[in-house]
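Q: Mind having a look at this structure? Questions to follow.
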Amino acid sequence: MQCNTVARALALIVLCAVVPLRASAEEDSRQSASRPKPARADVRPRELGHVEWRRDFDAALNAAGSSGRPVLILFQEIPGCQTCVQYGSVVLSHPLIVEAIESEFVPLAIYNNRPGRDATVLVRYKEAAWNNPVVRFVDASGRDVVARLADDYSADGLVRSMVAAMKKSGRPVPVYLRLLAEEQGAHARGVESVVFAMHCFWEGENLLGAIPGVVRTAAGFLHDREVVEVDFDRDRIRLVELAENAKRLRCADRIYARNAEQARQLDRFEAVEVSAQAIRPDREPKYFLGKTPYRSVPMTALQACRVNAAIAGGADANEFLSPRQRRLLTAIRAAPDRPWPNLIGVDDLAEAWGRIERVAGP
């Protein structure tokens with residue numbers, strides 16, 4: 001019974017990593033000129049990713065009316081060009097994005113290169129046939145909730161639009177989705193790294209990992225000192241502000257700037273030096289998380305930061321997990337003798353879920 005519980009929990013999760021994608025118009029034209037043959041009816045089109053899509057427009061609107069959830073319409077070529085395939089196999093296959101689409105929206109796929117009912121919806125929204133992916137969020141009457149998402153084939157773009165549509169619809173945004181939006185946005189804009197030396201990197205990692213704007217931490221050694229390398233979102237927290245927080249938390253006996261410009265910004269602090277040398281990772285990263293079953297739950301880097309900090313502080317770490325992640329945690333706790341892998345530091349969710357699935361079995 002325990003194995004079946006684990007299998008059911010895992011069956012709902014998809015395996016794929018996230019990278020921002022944009023295909024050139026030239027590539028789109030080349031791909032469109034030589035369309036692949038339609039896939040067999042029993043094979044899920046790659047362009048749709050791993051989301052369970054509805055295909056009936058009127059039924060989707062009715063579901064939106066009864067549930068209060070907006071409809072997320074994907075206008076997609078089936079079969080499509082490389083941009084369409086990549087959008088489905090990468091962005092629409094990220095486990096947390098898939099979960100959010102299926103639980104917070106009514107997912108509807110419209111094939112924009114088919115006649116019949118699909119073409120009718122295409123005309124209603126003035127969308128072009130043989131087009132790259134377009135996403136719209138509509139209410140139960142079919143009206144747009146937020147601006148359509150087009151010409152942006154990144155996870156960041158989709159997650160931002162999802163959050164905006166939920167807010168506009170008056171629906172609460174789950175913590176895990178807010179964290180995903182924060183993390184994807186930071187990487188889309190470009191994160192910055194700095195290293196802090198301290199008396200204990202286990203304590204430092206949990207304290208620094210709770211600071212808003214920090215998206216990743218790594219404990220290790222640099223120049224024979226215990227250090228924590230911090231990746232942060234420059235749009236959410238300035239380097240000087242981060243250093244002030246680290247000093248206040250007694251986590252910055254020495255600051256290793258990664259370049260001369262960082263050192264210039266930190267010139268009012270003592271014990272600052274420039275070092276581009278990579279840290280030597282600690283054997284027990286995310287120490288507090290690693291002592292619990294949470295270590296076997298696939299998480300993004302930002303989720304791991306927040307969960308590690310919550311456990312160290314005695315707070316509820318489940319707050320930062322999605323419902324499916326929580327169900328997996330319950331299954332792991334119910335079968336403690338199984339050889340669950342330690343997934344700390346495995347930021348690739350495809351790899352992480354693959355390793356869990358191999359242990360769980362069929």
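Chain lettering (A, B, ...) mirrors the order of the structure tokens, residue numbering begins at 1 for each chain separately, and ligand numbering begins at 1 in order of display.
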Hey, what's within 8 Å of segment 290-306 of chain A if we count only C-alpha atoms and toss same-chain stuff fewer than 2 positions away? As a ChimeraX atom specification, please?
A: /A:176,179-180,183,205-206,209-210,214-217,284-288,308-310,317,320-321,325,328-329,332-333,340-349,352-353,356
Q: For C-alpha atoms, I'd like the residues from the last selection saved as a PDB file, in the first residue's frame.
A:
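Once everything was written out, this is out-v3.pdb:
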ATOM      1  CA  TYR A 176       5.805  27.724  -4.029  1.00  0.00           C
ATOM      2  CA  LEU A 179       9.159  31.456  -5.037  1.00  0.00           C
ATOM      3  CA  LEU A 180       9.344  29.982  -8.534  1.00  0.00           C
ATOM      4  CA  GLU A 183      13.767  32.451  -8.843  1.00  0.00           C
ATOM      5  CA  GLU A 205      23.866  29.092   5.278  1.00  0.00           C
ATOM      6  CA  ASN A 206      20.570  28.922   7.133  1.00  0.00           C
ATOM      7  CA  GLY A 209      19.269  31.654   2.992  1.00  0.00           C
ATOM      8  CA  ALA A 210      16.313  33.355   4.679  1.00  0.00           C
ATOM      9  CA  VAL A 214      18.865  35.503  -1.920  1.00  0.00           C
ATOM     10  CA  VAL A 215      18.119  32.718  -4.415  1.00  0.00           C
ATOM     11  CA  ARG A 216      20.883  30.204  -3.706  1.00  0.00           C
ATOM     12  CA  THR A 217      23.485  29.435  -1.029  1.00  0.00           C
ATOM     13  CA  GLU A 284      27.074  18.325   4.336  1.00  0.00           C
ATOM     14  CA  PRO A 285      25.412  21.238   2.513  1.00  0.00           C
ATOM     15  CA  LYS A 286      22.074  22.537   3.796  1.00  0.00           C
ATOM     16  CA  TYR A 287      22.990  20.883   7.084  1.00  0.00           C
ATOM     17  CA  PHE A 288      19.627  21.262   8.845  1.00  0.00           C
ATOM     18  CA  ASN A 308      16.765  24.783   5.382  1.00  0.00           C
ATOM     19  CA  ALA A 309      16.255  28.112   7.173  1.00  0.00           C
ATOM     20  CA  ALA A 310      12.777  27.127   8.387  1.00  0.00           C
ATOM     21  CA  ALA A 317       9.078  24.105   6.267  1.00  0.00           C
ATOM     22  CA  PHE A 320       7.501  26.387   0.881  1.00  0.00           C
ATOM     23  CA  LEU A 321       6.523  23.113  -0.801  1.00  0.00           C
ATOM     24  CA  GLN A 325       5.984  17.801  -2.921  1.00  0.00           C
ATOM     25  CA  LEU A 328       5.894  12.901  -1.653  1.00  0.00           C
ATOM     26  CA  LEU A 329       7.334  13.899   1.731  1.00  0.00           C
ATOM     27  CA  ILE A 332       8.931   9.111   2.189  1.00  0.00           C
ATOM     28  CA  ARG A 333       8.135   9.344   5.885  1.00  0.00           C
ATOM     29  CA  TRP A 340      15.676   7.392  -0.718  1.00  0.00           C
ATOM     30  CA  PRO A 341      18.451   9.466  -2.320  1.00  0.00           C
ATOM     31  CA  ASN A 342      19.848  12.672  -0.873  1.00  0.00           C
ATOM     32  CA  LEU A 343      18.887  15.287  -3.475  1.00  0.00           C
ATOM     33  CA  ILE A 344      20.423  18.351  -1.830  1.00  0.00           C
ATOM     34  CA  GLY A 345      22.271  20.312  -4.468  1.00  0.00           C
ATOM     35  CA  VAL A 346      20.538  18.590  -7.382  1.00  0.00           C
ATOM     36  CA  ASP A 347      18.971  21.689  -8.919  1.00  0.00           C
ATOM     37  CA  ASP A 348      17.933  19.842 -12.085  1.00  0.00           C
ATOM     38  CA  LEU A 349      14.427  18.687 -11.178  1.00  0.00           C
ATOM     39  CA  ALA A 352      16.035  14.667  -9.033  1.00  0.00           C
ATOM     40  CA  TRP A 353      12.621  13.203  -9.854  1.00  0.00           C
ATOM     41  CA  ILE A 356      13.245   9.289  -6.777  1.00  0.00           C
TER      42      ILE A 356
END
Q: List as a PyMOL selection string the protein and nucleic acid residues near segment 256-261 of chain A, meaning an atom at most 12 Å away when only C-alpha atoms are counted, but skip any in the same chain fewer than 6 places from it.
A: chain A and resi 192-198+221-223+225-231+239-240+243+267+269-279
Q: Let me see the file: selected residues, C-alpha atoms, as an mmCIF file, in the first residue's frame.
A:
data_model
loop_
_atom_site.group_PDB
_atom_site.id
_atom_site.type_symbol
_atom_site.label_atom_id
_atom_site.label_comp_id
_atom_site.auth_asym_id
_atom_site.auth_seq_id
_atom_site.Cartn_x
_atom_site.Cartn_y
_atom_site.Cartn_z
ATOM 1 C CA GLU A 192 25.224 38.068 -8.821
ATOM 2 C CA SER A 193 27.420 36.112 -6.401
ATOM 3 C CA VAL A 194 29.439 37.098 -3.335
ATOM 4 C CA VAL A 195 31.156 35.042 -0.616
ATOM 5 C CA PHE A 196 30.995 35.574 3.152
ATOM 6 C CA ALA A 197 33.394 33.969 5.658
ATOM 7 C CA MET A 198 32.172 33.160 9.176
ATOM 8 C CA PHE A 221 35.814 26.534 2.073
ATOM 9 C CA LEU A 222 37.774 29.381 0.490
ATOM 10 C CA HIS A 223 41.317 30.363 1.444
ATOM 11 C CA ARG A 225 37.988 29.748 5.777
ATOM 12 C CA GLU A 226 34.449 28.431 6.254
ATOM 13 C CA VAL A 227 32.353 30.401 3.794
ATOM 14 C CA VAL A 228 28.919 30.640 2.228
ATOM 15 C CA GLU A 229 28.620 31.631 -1.411
ATOM 16 C CA VAL A 230 25.418 33.588 -2.001
ATOM 17 C CA ASP A 231 23.643 34.124 -5.322
ATOM 18 C CA LEU A 239 25.089 44.105 -2.614
ATOM 19 C CA VAL A 240 25.674 46.646 0.162
ATOM 20 C CA ALA A 243 26.533 42.708 3.230
ATOM 21 C CA ASP A 267 34.776 49.787 0.312
ATOM 22 C CA PHE A 269 33.338 47.476 5.057
ATOM 23 C CA GLU A 270 36.415 46.062 6.729
ATOM 24 C CA ALA A 271 38.121 42.808 5.670
ATOM 25 C CA VAL A 272 37.098 42.844 2.017
ATOM 26 C CA GLU A 273 39.244 41.238 -0.649
ATOM 27 C CA VAL A 274 38.768 40.183 -4.262
ATOM 28 C CA SER A 275 38.782 36.472 -5.049
ATOM 29 C CA ALA A 276 37.372 34.746 -8.124
ATOM 30 C CA GLN A 277 38.451 31.329 -6.832
ATOM 31 C CA ALA A 278 35.716 28.682 -6.642
ATOM 32 C CA ILE A 279 34.783 27.470 -3.189
#
Q: Given the choices A:Asp58, A:Asp253, A:Asp235, A:Glu77, which gets closest to Trp130 of chain A if the distance is worked out from only C-alpha atoms?
A: A:Glu77
Q: Could you check which of A:Arg238, A:His94, A:Gly68, A:Val106 is closest to Gln262 of chain A, using only C-alpha atoms?
A: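 Distance minimum relative to Gln262 of chain A lands on A:Arg238.
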Q: Report the residues of segment 209-284 of chain A whose backbone DSSP state falls under alpha helix (DSSP H), written as a PDB file with N, CA and C atoms, in the first residue's frame.
A:
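Below you can see out05.pdb, which holds the result:
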ATOM      1  N   LEU A 239      23.937  44.767  -3.219  1.00  0.00           N
ATOM      2  CA  LEU A 239      25.089  44.105  -2.614  1.00  0.00           C
ATOM      3  C   LEU A 239      25.398  44.691  -1.244  1.00  0.00           C
ATOM      4  N   VAL A 240      25.372  46.005  -1.120  1.00  0.00           N
ATOM      5  CA  VAL A 240      25.674  46.646   0.162  1.00  0.00           C
ATOM      6  C   VAL A 240      24.645  46.245   1.211  1.00  0.00           C
ATOM      7  N   GLU A 241      23.378  46.192   0.828  1.00  0.00           N
ATOM      8  CA  GLU A 241      22.323  45.790   1.759  1.00  0.00           C
ATOM      9  C   GLU A 241      22.509  44.348   2.201  1.00  0.00           C
ATOM     10  N   LEU A 242      22.895  43.484   1.263  1.00  0.00           N
ATOM     11  CA  LEU A 242      23.143  42.089   1.601  1.00  0.00           C
ATOM     12  C   LEU A 242      24.308  41.977   2.579  1.00  0.00           C
ATOM     13  N   ALA A 243      25.374  42.735   2.330  1.00  0.00           N
ATOM     14  CA  ALA A 243      26.533  42.708   3.230  1.00  0.00           C
ATOM     15  C   ALA A 243      26.164  43.225   4.618  1.00  0.00           C
ATOM     16  N   GLU A 244      25.332  44.248   4.678  1.00  0.00           N
ATOM     17  CA  GLU A 244      24.884  44.767   5.976  1.00  0.00           C
ATOM     18  C   GLU A 244      24.103  43.702   6.745  1.00  0.00           C
ATOM     19  N   ASN A 245      23.237  42.986   6.041  1.00  0.00           N
ATOM     20  CA  ASN A 245      22.486  41.903   6.667  1.00  0.00           C
ATOM     21  C   ASN A 245      23.424  40.815   7.171  1.00  0.00           C
ATOM     22  N   ALA A 246      24.405  40.452   6.363  1.00  0.00           N
ATOM     23  CA  ALA A 246      25.356  39.416   6.755  1.00  0.00           C
ATOM     24  C   ALA A 246      26.156  39.852   7.980  1.00  0.00           C
ATOM     25  N   LYS A 247      26.565  41.119   8.024  1.00  0.00           N
ATOM     26  CA  LYS A 247      27.282  41.642   9.190  1.00  0.00           C
ATOM     27  C   LYS A 247      26.399  41.586  10.436  1.00  0.00           C
ATOM     28  N   ARG A 248      25.138  41.995  10.275  1.00  0.00           N
ATOM     29  CA  ARG A 248      24.212  42.000  11.410  1.00  0.00           C
ATOM     30  C   ARG A 248      24.015  40.590  11.967  1.00  0.00           C
ATOM     31  N   ALA A 260      36.436  43.516  -9.025  1.00  0.00           N
ATOM     32  CA  ALA A 260      36.845  44.819  -8.515  1.00  0.00           C
ATOM     33  C   ALA A 260      35.659  45.748  -8.293  1.00  0.00           C
ATOM     34  N   GLU A 261      34.640  45.640  -9.129  1.00  0.00           N
ATOM     35  CA  GLU A 261      33.470  46.502  -8.974  1.00  0.00           C
ATOM     36  C   GLU A 261      32.737  46.194  -7.668  1.00  0.00           C
ATOM     37  N   GLN A 262      32.613  44.919  -7.335  1.00  0.00           N
ATOM     38  CA  GLN A 262      32.015  44.576  -6.048  1.00  0.00           C
ATOM     39  C   GLN A 262      32.853  45.140  -4.899  1.00  0.00           C
ATOM     40  N   ALA A 263      34.167  45.013  -5.002  1.00  0.00           N
ATOM     41  CA  ALA A 263      35.052  45.523  -3.942  1.00  0.00           C
ATOM     42  C   ALA A 263      34.880  47.029  -3.784  1.00  0.00           C
ATOM     43  N   ARG A 264      34.691  47.734  -4.890  1.00  0.00           N
ATOM     44  CA  ARG A 264      34.480  49.179  -4.819  1.00  0.00           C
ATOM     45  C   ARG A 264      33.184  49.492  -4.080  1.00  0.00           C
ATOM     46  N   GLN A 265      32.119  48.725  -4.370  1.00  0.00           N
ATOM     47  CA  GLN A 265      30.845  48.953  -3.681  1.00  0.00           C
ATOM     48  C   GLN A 265      30.940  48.654  -2.189  1.00  0.00           C
TER      49      GLN A 265
END
Q: Would you mind listing what lies within 8 Å of His50 of chain A as a list of chain:residue names, with only C-alpha atoms counted and same-chain residues fewer than 3 positions away left out?
A: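 Listing them by chain and then by number gives A:Val14, A:Gly88, A:Ser89, A:Leu92, A:Ser93, A:Val98.
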Q: Take the residues from that selection and put them in a file with C-alpha atoms, as an mmCIF file, in the first residue's frame.
A:
data_model
loop_
_atom_site.group_PDB
_atom_site.id
_atom_site.type_symbol
_atom_site.label_atom_id
_atom_site.label_comp_id
_atom_site.auth_asym_id
_atom_site.auth_seq_id
_atom_site.Cartn_x
_atom_site.Cartn_y
_atom_site.Cartn_z
ATOM 1 C CA VAL A 14 6.948 15.351 -14.712
ATOM 2 C CA GLY A 88 6.345 22.033 -24.696
ATOM 3 C CA SER A 89 9.241 19.772 -23.778
ATOM 4 C CA LEU A 92 5.458 23.099 -20.180
ATOM 5 C CA SER A 93 7.215 20.096 -18.634
ATOM 6 C CA VAL A 98 2.780 21.734 -14.632
#
Q: Measure the distance from atom CA of Gly354 of chain A to atom CA of Ala181 of chain A in Å and round it to one decimal.
A: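 Answer for the atom CA of Gly354 of chain A to atom CA of Ala181 of chain A separation: 23.6 Å.
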Q: Nearest to Asp139 of chain A: which of A:Arg189, A:Arg114, A:Arg160, A:Arg69 is it, counting only C-alpha atoms?
A: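 Among A:Arg189, A:Arg114, A:Arg160, A:Arg69, it is A:Arg69 that comes nearest to Asp139 of chain A.
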Q: Contacts of Pro172 of chain A at 12 Å or less, counting only C-alpha atoms, minus same-chain residues fewer than 3 places along, as a PyMOL selection string?
A: chain A and resi 68-69+104+162-169+175-178
Q: Nearest residue to Asp152 of chain A out of A:Phe137, A:Val91, A:Asp118, A:Arg268, using only C-alpha atoms?
A: A:Val91
Q: Rank nothing, just name the residue among A:Arg143, A:Ile237, A:Asp224, A:Ala150 nearest to Ala186 of chain A, using only C-alpha atoms.
A: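 Among A:Arg143, A:Ile237, A:Asp224, A:Ala150, it is A:Ile237 that comes nearest to Ala186 of chain A.
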